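S.K.: This one is entry_35.cif, mmCIF, N, CA and C atoms.
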data_start
loop_
_atom_site.label_atom_id
_atom_site.label_comp_id
_atom_site.auth_asym_id
_atom_site.auth_seq_id
_atom_site.Cartn_x
_atom_site.Cartn_y
_atom_site.Cartn_z
N MET X 196 -0.55 0.37 -34.79
CA MET X 196 -1.47 -0.04 -33.77
C MET X 196 -1.74 1.14 -32.83
N ARG X 197 -3.01 1.39 -32.56
CA ARG X 197 -3.40 2.49 -31.71
C ARG X 197 -3.92 1.95 -30.39
N ARG X 198 -3.41 2.48 -29.30
CA ARG X 198 -3.83 2.02 -27.97
C ARG X 198 -4.96 2.91 -27.46
N GLU X 199 -6.01 2.27 -26.97
CA GLU X 199 -7.15 3.00 -26.42
C GLU X 199 -6.99 3.15 -24.92
N LEU X 200 -7.69 4.11 -24.35
CA LEU X 200 -7.68 4.34 -22.91
C LEU X 200 -8.97 3.78 -22.32
N HIS X 201 -8.82 2.86 -21.37
CA HIS X 201 -9.97 2.28 -20.67
C HIS X 201 -9.97 2.83 -19.25
N LYS X 202 -11.10 3.39 -18.82
CA LYS X 202 -11.21 3.91 -17.45
C LYS X 202 -12.08 2.95 -16.65
N LEU X 203 -11.55 2.47 -15.53
CA LEU X 203 -12.28 1.56 -14.66
C LEU X 203 -12.46 2.19 -13.29
N ASP X 204 -13.63 1.99 -12.72
CA ASP X 204 -13.93 2.49 -11.38
C ASP X 204 -13.81 1.32 -10.41
N ALA X 205 -12.96 1.48 -9.38
CA ALA X 205 -12.68 0.40 -8.45
C ALA X 205 -13.57 0.39 -7.23
N SER X 206 -14.50 1.31 -7.13
CA SER X 206 -15.31 1.38 -5.91
C SER X 206 -16.20 0.14 -5.79
N ASP X 207 -16.17 -0.47 -4.60
CA ASP X 207 -16.95 -1.65 -4.24
C ASP X 207 -16.68 -2.85 -5.15
N GLN X 208 -15.44 -3.03 -5.58
CA GLN X 208 -15.05 -4.19 -6.35
C GLN X 208 -13.95 -4.93 -5.60
N ALA X 209 -13.97 -6.26 -5.70
CA ALA X 209 -12.93 -7.07 -5.07
C ALA X 209 -11.63 -6.92 -5.86
N VAL X 210 -10.52 -7.01 -5.18
CA VAL X 210 -9.22 -6.77 -5.80
C VAL X 210 -8.94 -7.76 -6.93
N GLY X 211 -9.19 -9.04 -6.68
CA GLY X 211 -8.91 -10.06 -7.69
C GLY X 211 -9.76 -9.92 -8.92
N ARG X 212 -11.03 -9.63 -8.74
CA ARG X 212 -11.94 -9.47 -9.88
C ARG X 212 -11.53 -8.29 -10.75
N LEU X 213 -11.15 -7.20 -10.10
CA LEU X 213 -10.71 -6.02 -10.83
C LEU X 213 -9.38 -6.27 -11.53
N ALA X 214 -8.48 -6.99 -10.86
CA ALA X 214 -7.16 -7.27 -11.43
C ALA X 214 -7.27 -8.13 -12.67
N THR X 215 -8.21 -9.07 -12.71
CA THR X 215 -8.36 -9.90 -13.91
C THR X 215 -8.83 -9.07 -15.10
N LYS X 216 -9.76 -8.15 -14.85
CA LYS X 216 -10.22 -7.28 -15.94
C LYS X 216 -9.06 -6.44 -16.48
N ILE X 217 -8.26 -5.89 -15.57
CA ILE X 217 -7.13 -5.05 -15.96
C ILE X 217 -6.11 -5.86 -16.74
N ALA X 218 -5.80 -7.07 -16.26
CA ALA X 218 -4.79 -7.90 -16.92
C ALA X 218 -5.21 -8.28 -18.33
N ILE X 219 -6.49 -8.56 -18.52
CA ILE X 219 -6.98 -8.92 -19.86
C ILE X 219 -6.82 -7.75 -20.81
N ILE X 220 -7.13 -6.54 -20.36
CA ILE X 220 -7.02 -5.35 -21.23
C ILE X 220 -5.56 -5.02 -21.50
N LEU X 221 -4.70 -5.09 -20.47
CA LEU X 221 -3.28 -4.79 -20.66
C LEU X 221 -2.62 -5.77 -21.62
N ARG X 222 -3.05 -7.01 -21.58
CA ARG X 222 -2.46 -8.04 -22.44
C ARG X 222 -2.99 -7.94 -23.85
N GLY X 223 -4.21 -7.44 -24.03
CA GLY X 223 -4.81 -7.32 -25.36
C GLY X 223 -5.69 -8.50 -25.72
N LYS X 224 -6.07 -9.30 -24.74
CA LYS X 224 -6.88 -10.48 -25.01
C LYS X 224 -8.32 -10.13 -25.34
N ASN X 225 -8.71 -8.88 -25.15
CA ASN X 225 -10.07 -8.46 -25.48
C ASN X 225 -10.20 -8.09 -26.96
N LYS X 226 -9.12 -8.16 -27.71
CA LYS X 226 -9.14 -7.81 -29.13
C LYS X 226 -9.20 -9.07 -29.98
N PRO X 227 -9.89 -9.00 -31.12
CA PRO X 227 -9.99 -10.20 -31.97
C PRO X 227 -8.66 -10.57 -32.64
N GLU X 228 -7.76 -9.62 -32.79
CA GLU X 228 -6.48 -9.91 -33.44
C GLU X 228 -5.37 -10.23 -32.44
N PHE X 229 -5.71 -10.73 -31.26
CA PHE X 229 -4.75 -11.05 -30.20
C PHE X 229 -3.77 -12.12 -30.65
N GLN X 230 -2.48 -11.87 -30.39
CA GLN X 230 -1.42 -12.86 -30.58
C GLN X 230 -0.55 -12.82 -29.34
N PRO X 231 -0.26 -13.98 -28.73
CA PRO X 231 0.43 -13.97 -27.44
C PRO X 231 1.85 -13.43 -27.47
N HIS X 232 2.50 -13.45 -28.61
CA HIS X 232 3.89 -12.98 -28.67
C HIS X 232 4.02 -11.51 -29.03
N ILE X 233 2.89 -10.83 -29.22
CA ILE X 233 2.91 -9.41 -29.57
C ILE X 233 2.18 -8.62 -28.48
N ASP X 234 2.77 -7.49 -28.08
CA ASP X 234 2.17 -6.64 -27.06
C ASP X 234 1.15 -5.73 -27.73
N MET X 235 -0.13 -6.08 -27.62
CA MET X 235 -1.20 -5.34 -28.29
C MET X 235 -2.15 -4.68 -27.30
N GLY X 236 -1.80 -4.65 -26.04
CA GLY X 236 -2.71 -4.18 -25.00
C GLY X 236 -2.96 -2.69 -25.03
N ASP X 237 -3.99 -2.29 -24.31
CA ASP X 237 -4.39 -0.90 -24.22
C ASP X 237 -3.94 -0.30 -22.89
N ILE X 238 -4.24 0.99 -22.72
CA ILE X 238 -3.92 1.71 -21.49
C ILE X 238 -5.11 1.60 -20.55
N VAL X 239 -4.86 1.36 -19.26
CA VAL X 239 -5.93 1.23 -18.27
C VAL X 239 -5.71 2.26 -17.17
N GLU X 240 -6.74 3.04 -16.90
CA GLU X 240 -6.71 4.00 -15.80
C GLU X 240 -7.75 3.57 -14.77
N VAL X 241 -7.31 3.40 -13.53
CA VAL X 241 -8.19 2.95 -12.46
C VAL X 241 -8.36 4.10 -11.48
N ILE X 242 -9.62 4.40 -11.15
CA ILE X 242 -9.91 5.47 -10.21
C ILE X 242 -10.62 4.90 -8.98
N ASN X 243 -10.63 5.66 -7.91
CA ASN X 243 -11.30 5.31 -6.65
C ASN X 243 -10.78 4.01 -6.05
N ILE X 244 -9.47 3.81 -6.02
CA ILE X 244 -8.97 2.55 -5.46
C ILE X 244 -9.03 2.55 -3.94
N ASN X 245 -9.26 3.69 -3.33
CA ASN X 245 -9.42 3.72 -1.88
C ASN X 245 -10.73 3.06 -1.44
N LYS X 246 -11.61 2.78 -2.39
CA LYS X 246 -12.90 2.17 -2.07
C LYS X 246 -12.94 0.70 -2.47
N LEU X 247 -11.79 0.06 -2.61
CA LEU X 247 -11.75 -1.37 -2.93
C LEU X 247 -12.41 -2.17 -1.81
N LYS X 248 -12.99 -3.31 -2.18
CA LYS X 248 -13.70 -4.14 -1.21
C LYS X 248 -12.87 -5.38 -0.89
N PHE X 249 -12.73 -5.68 0.40
CA PHE X 249 -12.05 -6.89 0.84
C PHE X 249 -13.07 -7.74 1.57
N THR X 250 -13.28 -8.97 1.10
CA THR X 250 -14.29 -9.84 1.68
C THR X 250 -13.67 -10.73 2.76
N GLY X 251 -14.51 -11.22 3.63
CA GLY X 251 -14.06 -12.16 4.66
C GLY X 251 -13.11 -11.51 5.64
N LYS X 252 -12.14 -12.27 6.12
CA LYS X 252 -11.18 -11.79 7.10
C LYS X 252 -9.82 -11.49 6.47
N LYS X 253 -9.83 -11.07 5.22
CA LYS X 253 -8.58 -10.83 4.50
C LYS X 253 -7.71 -9.77 5.17
N LEU X 254 -8.32 -8.75 5.72
CA LEU X 254 -7.53 -7.68 6.33
C LEU X 254 -6.65 -8.20 7.47
N GLU X 255 -7.14 -9.16 8.22
CA GLU X 255 -6.36 -9.70 9.34
C GLU X 255 -5.52 -10.90 8.95
N GLN X 256 -5.97 -11.69 7.96
CA GLN X 256 -5.33 -12.97 7.70
C GLN X 256 -4.42 -12.99 6.48
N LYS X 257 -4.69 -12.19 5.46
CA LYS X 257 -3.90 -12.27 4.22
C LYS X 257 -2.51 -11.70 4.44
N LYS X 258 -1.51 -12.43 3.93
CA LYS X 258 -0.11 -12.02 4.08
C LYS X 258 0.56 -11.95 2.72
N TYR X 259 1.44 -11.00 2.58
CA TYR X 259 2.27 -10.88 1.38
C TYR X 259 3.70 -11.19 1.78
N TYR X 260 4.40 -11.91 0.91
CA TYR X 260 5.75 -12.36 1.22
C TYR X 260 6.77 -11.68 0.32
N LYS X 261 7.97 -11.47 0.89
CA LYS X 261 9.09 -10.90 0.16
C LYS X 261 10.33 -11.71 0.57
N TYR X 262 11.13 -12.11 -0.40
CA TYR X 262 12.31 -12.92 -0.09
C TYR X 262 13.54 -12.20 -0.62
N SER X 263 14.54 -12.01 0.26
CA SER X 263 15.75 -11.27 -0.11
C SER X 263 16.76 -12.13 -0.85
N GLY X 264 16.63 -13.44 -0.74
CA GLY X 264 17.58 -14.34 -1.38
C GLY X 264 18.60 -14.90 -0.40
N TYR X 265 18.65 -14.36 0.78
CA TYR X 265 19.57 -14.82 1.81
C TYR X 265 18.86 -15.77 2.78
N PRO X 266 19.61 -16.64 3.45
CA PRO X 266 18.99 -17.52 4.45
C PRO X 266 18.31 -16.70 5.54
N GLY X 267 17.08 -17.04 5.85
CA GLY X 267 16.31 -16.31 6.85
C GLY X 267 15.79 -14.99 6.34
N GLY X 268 15.81 -14.78 5.04
CA GLY X 268 15.41 -13.49 4.46
C GLY X 268 13.98 -13.42 4.00
N LEU X 269 13.13 -14.36 4.44
CA LEU X 269 11.72 -14.33 4.07
C LEU X 269 10.97 -13.41 5.03
N LYS X 270 10.33 -12.39 4.47
CA LYS X 270 9.59 -11.44 5.29
C LYS X 270 8.12 -11.50 4.90
N GLU X 271 7.25 -11.35 5.87
CA GLU X 271 5.82 -11.34 5.60
C GLU X 271 5.21 -10.07 6.17
N ILE X 272 4.26 -9.52 5.42
CA ILE X 272 3.56 -8.31 5.83
C ILE X 272 2.07 -8.57 5.67
N LYS X 273 1.29 -8.18 6.66
CA LYS X 273 -0.16 -8.37 6.59
C LYS X 273 -0.78 -7.27 5.73
N LEU X 274 -1.91 -7.62 5.14
CA LEU X 274 -2.63 -6.70 4.27
C LEU X 274 -3.01 -5.42 4.99
N LYS X 275 -3.39 -5.52 6.24
CA LYS X 275 -3.81 -4.35 7.01
C LYS X 275 -2.67 -3.34 7.15
N LYS X 276 -1.44 -3.84 7.31
CA LYS X 276 -0.30 -2.94 7.45
C LYS X 276 0.04 -2.26 6.12
N ILE X 277 -0.12 -2.97 5.01
CA ILE X 277 0.15 -2.37 3.70
C ILE X 277 -0.86 -1.27 3.41
N ILE X 278 -2.13 -1.51 3.76
CA ILE X 278 -3.18 -0.51 3.51
C ILE X 278 -2.95 0.75 4.33
N SER X 279 -2.34 0.61 5.50
CA SER X 279 -2.11 1.79 6.34
C SER X 279 -1.10 2.75 5.74
N ASN X 280 -0.28 2.29 4.78
CA ASN X 280 0.68 3.17 4.10
C ASN X 280 -0.07 4.11 3.16
N LYS X 281 0.62 5.13 2.71
CA LYS X 281 0.01 6.14 1.84
C LYS X 281 -0.47 5.52 0.52
N ASP X 282 0.39 4.77 -0.13
CA ASP X 282 0.05 4.16 -1.42
C ASP X 282 -0.24 2.67 -1.28
N GLY X 283 -0.84 2.26 -0.18
CA GLY X 283 -1.07 0.86 0.10
C GLY X 283 -2.02 0.19 -0.88
N TYR X 284 -3.13 0.85 -1.19
CA TYR X 284 -4.10 0.27 -2.12
C TYR X 284 -3.48 0.12 -3.51
N ALA X 285 -2.72 1.12 -3.92
CA ALA X 285 -2.07 1.05 -5.23
C ALA X 285 -1.07 -0.09 -5.29
N GLU X 286 -0.34 -0.30 -4.21
CA GLU X 286 0.64 -1.39 -4.16
C GLU X 286 -0.03 -2.75 -4.26
N ILE X 287 -1.15 -2.92 -3.58
CA ILE X 287 -1.87 -4.19 -3.61
C ILE X 287 -2.40 -4.48 -5.00
N LEU X 288 -3.03 -3.48 -5.63
CA LEU X 288 -3.58 -3.68 -6.96
C LEU X 288 -2.47 -3.90 -7.98
N HIS X 289 -1.39 -3.16 -7.87
CA HIS X 289 -0.25 -3.30 -8.78
C HIS X 289 0.33 -4.71 -8.70
N ARG X 290 0.47 -5.21 -7.49
CA ARG X 290 1.04 -6.55 -7.28
C ARG X 290 0.10 -7.64 -7.83
N ALA X 291 -1.21 -7.47 -7.62
CA ALA X 291 -2.17 -8.45 -8.10
C ALA X 291 -2.18 -8.52 -9.63
N VAL X 292 -2.13 -7.36 -10.28
CA VAL X 292 -2.14 -7.34 -11.74
C VAL X 292 -0.84 -7.92 -12.29
N LYS X 293 0.28 -7.56 -11.69
CA LYS X 293 1.57 -8.05 -12.17
C LYS X 293 1.65 -9.57 -12.11
N GLN X 294 1.11 -10.17 -11.05
CA GLN X 294 1.17 -11.61 -10.91
C GLN X 294 0.20 -12.32 -11.85
N MET X 295 -0.77 -11.60 -12.41
CA MET X 295 -1.69 -12.21 -13.36
C MET X 295 -1.19 -12.12 -14.80
N LEU X 296 -0.18 -11.31 -15.04
CA LEU X 296 0.40 -11.21 -16.38
C LEU X 296 1.50 -12.26 -16.54
N PRO X 297 1.73 -12.73 -17.77
CA PRO X 297 2.79 -13.72 -17.97
C PRO X 297 4.17 -13.10 -17.79
N ALA X 298 5.10 -13.90 -17.31
CA ALA X 298 6.46 -13.42 -17.05
C ALA X 298 7.26 -13.43 -18.35
N VAL X 299 6.98 -12.47 -19.22
CA VAL X 299 7.68 -12.35 -20.51
C VAL X 299 8.42 -11.02 -20.54
N LYS X 300 9.19 -10.81 -21.59
CA LYS X 300 10.01 -9.60 -21.68
C LYS X 300 9.20 -8.32 -21.60
N PHE X 301 8.02 -8.32 -22.18
CA PHE X 301 7.25 -7.08 -22.25
C PHE X 301 6.24 -6.93 -21.12
N ARG X 302 6.39 -7.68 -20.02
CA ARG X 302 5.50 -7.49 -18.87
C ARG X 302 5.73 -6.11 -18.26
N ARG X 303 6.97 -5.66 -18.20
CA ARG X 303 7.26 -4.34 -17.64
C ARG X 303 6.60 -3.25 -18.48
N ASP X 304 6.59 -3.42 -19.80
CA ASP X 304 5.94 -2.44 -20.67
C ASP X 304 4.42 -2.44 -20.46
N MET X 305 3.86 -3.62 -20.24
CA MET X 305 2.42 -3.70 -19.97
C MET X 305 2.08 -2.99 -18.66
N MET X 306 2.91 -3.19 -17.64
CA MET X 306 2.65 -2.58 -16.34
C MET X 306 2.80 -1.06 -16.38
N LYS X 307 3.61 -0.54 -17.29
CA LYS X 307 3.76 0.91 -17.43
C LYS X 307 2.47 1.55 -17.93
N ARG X 308 1.62 0.76 -18.59
CA ARG X 308 0.36 1.29 -19.12
C ARG X 308 -0.76 1.23 -18.11
N LEU X 309 -0.46 0.82 -16.88
CA LEU X 309 -1.46 0.82 -15.82
C LEU X 309 -1.32 2.10 -15.02
N ILE X 310 -2.38 2.92 -15.02
CA ILE X 310 -2.37 4.20 -14.30
C ILE X 310 -3.35 4.06 -13.14
N ILE X 311 -2.85 4.29 -11.93
CA ILE X 311 -3.69 4.15 -10.74
C ILE X 311 -3.87 5.52 -10.10
N ARG X 312 -5.11 5.96 -9.99
CA ARG X 312 -5.46 7.23 -9.37
C ARG X 312 -6.12 6.96 -8.02
N LEU X 313 -5.76 7.74 -7.02
CA LEU X 313 -6.34 7.55 -5.69
C LEU X 313 -7.71 8.16 -5.56
#
When written as structure tokens, how does the structure in this file appear?
M.R.:
Amino acid sequence: MRRELHKLDASDQAVGRLATKIAIILRGKNKPEFQPHIDMGDIVEVININKLKFTGKKLEQKKYYKYSGYPGGLKEIKLKKIISNKDGYAEILHRAVKQMLPAVKFRRDMMKRLIIRL
């Protein structure tokens, strides 16, 4: 099986819409010989992620949660604060794509084939 390289431009695209396209290619669902138990996906390279589009009031209202496993260990971070970090856009896109892939053994291998360029 030969993996192809798909280049996607993220400028002026919503995060969720772009993440669905990426997840479909990483999973291999765009191929006619797709089988859910076999990792047949391709490599995806995303460029211009600094130009992602956020609609509505997502920058002020959207929150991401992290749980440590301990009582009182639920932490929330707003989207605006994540974007202010150096790799904030990459973290948001990476998280969106990961949550769209099925939680199977080879999800980590699929995520390794996602290349994000700033």
S.K.: Quote the spacing between atom CA of X:Lys246 and atom C of X:Gly223 in Å to one decimal place.
M.R.: 26.9 Å
S.K.: Using only C-alpha atoms, can you tell me which of X:Ile310, X:Met235, X:Ala205, X:Leu274 comes closest to X:Ile219?
M.R.: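 Under the stated criterion, the closest residue is X:Met235.
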S.K.: Write down as a PyMOL selection string the residues belonging to chain X that are assigned strand (DSSP E or B) by DSSP computed on the backbone.
M.R.: chain X and resi 200-204+209+238-242+248+258-262+269-273+309-311
S.K.: Name every residue that the PyMOL selection byres ((chain X and resi 261) around 6.5) selects in this structure, writing the answer as a list of chain:residue names with chains first and numbers rising.
M.R.: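 This file gives the following for the PyMOL selection byres ((chain X and resi 261) around 6.5): X:Tyr259, X:Tyr260, X:Tyr262, X:Ser263, X:Gly268, X:Leu269, X:Lys270, X:Glu271, X:Ile272.
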S.K.: Report the residues of stretch 243-294 of chain X whose backbone DSSP state falls under helix (DSSP H, G or I), written as a list in words.
M.R.: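 Helix (DSSP H, G or I) members of stretch 243-294 of chain X, listed: Ile244, Asn245, Lys246, Lys253, Leu254, Glu255, Gln256, Leu274, Lys275, Lys276, Ile277, Ile278, Ser279, Gly283, Tyr284, Ala285, Glu286, Ile287, Leu288, His289, Arg290, Ala291, Val292, Lys293 and Gln294 of chain X.
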S.K.: Hey, what comes out of the PyMOL selection byres (((chain X and resi 257 and name CA) around 12) and name CA) on this file? Could you write it as a VMD selection string?
M.R.: chain X and resid 249 to 256 258 to 260 271 to 278 287
S.K.: The PyMOL selection byres (((chain X and resi 204 and name CA) around 9) and name CA) - which residues does that actually catch in the file I just gave you? List them as number ranges by chain.
M.R.: X: 202-203, 205-208, 240-244
S.K.: When you count only N, CA and C atoms, which of these residues is closest to X:His289: X:Ile233, X:Ala214, X:Gly264, X:Ala209?
M.R.: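 Under the stated criterion, the closest residue is X:Ala214.
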S.K.: Could you state the separation of atom CA of X:Ala218 and atom CA of X:Lys281 in Å, given to one decimal place?
M.R.: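 Going from atom CA of X:Ala218 over to atom CA of X:Lys281, I get 23.9 Å.
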S.K.: What gap, in Å, lies between atom CA of X:Asp282 and atom N of X:Arg198?
M.R.: 28.1 Å
S.K.: Within 6 Å of X:Ile238, counting only N, CA and C atoms, which residues qualify if same-chain residues fewer than 6 places away don't, as JSON, numbers by chain?
M.R.: {"X": [198, 199, 200, 201, 308, 309]}
S.K.: Each side padded by 4 Å, which centre and which edge lengths in Å (one decimal) define the axis-aligned box around the listed atoms of stretch 245-258 of chain X? Give them as AutoDock Vina command-line options.
M.R.:
--center_x -7.0 --center_y -4.6 --center_z 3.0 --size_x 23.1 --size_y 24.7 --size_z 20.7
S.K.: Select, from X:Tyr265, X:Asp237, X:Phe229, X:Lys300, the residue with the minimum atom-to-atom distance to X:Ile217, counting only C-alpha atoms.
M.R.: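 Among the listed residues, X:Asp237 lies closest to X:Ile217.
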S.K.: Taking all atoms listed in the file into account, name the residue in X:Val292, X:Ala298, X:Gly267, X:Gly236 that is nearest to X:Leu213.
M.R.: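 Of X:Val292, X:Ala298, X:Gly267, X:Gly236, the one nearest X:Leu213 is X:Val292, counting all atoms listed in the file.
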S.K.: Nearest to X:Lys293: which of X:Met305, X:Ser279, X:Pro266, X:His232 is it, counting only C-alpha atoms?
M.R.: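 Closest to X:Lys293, using only C-alpha atoms: X:Met305.
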S.K.: Go through X:Glu228, X:Leu288, X:Asn280, X:Val239 one by one, measure the shortest atom-to-atom distance of each to X:Val210 using only N, CA and C atoms, and give the residue with the smallest value.
M.R.: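 Among the listed residues, X:Leu288 lies closest to X:Val210.
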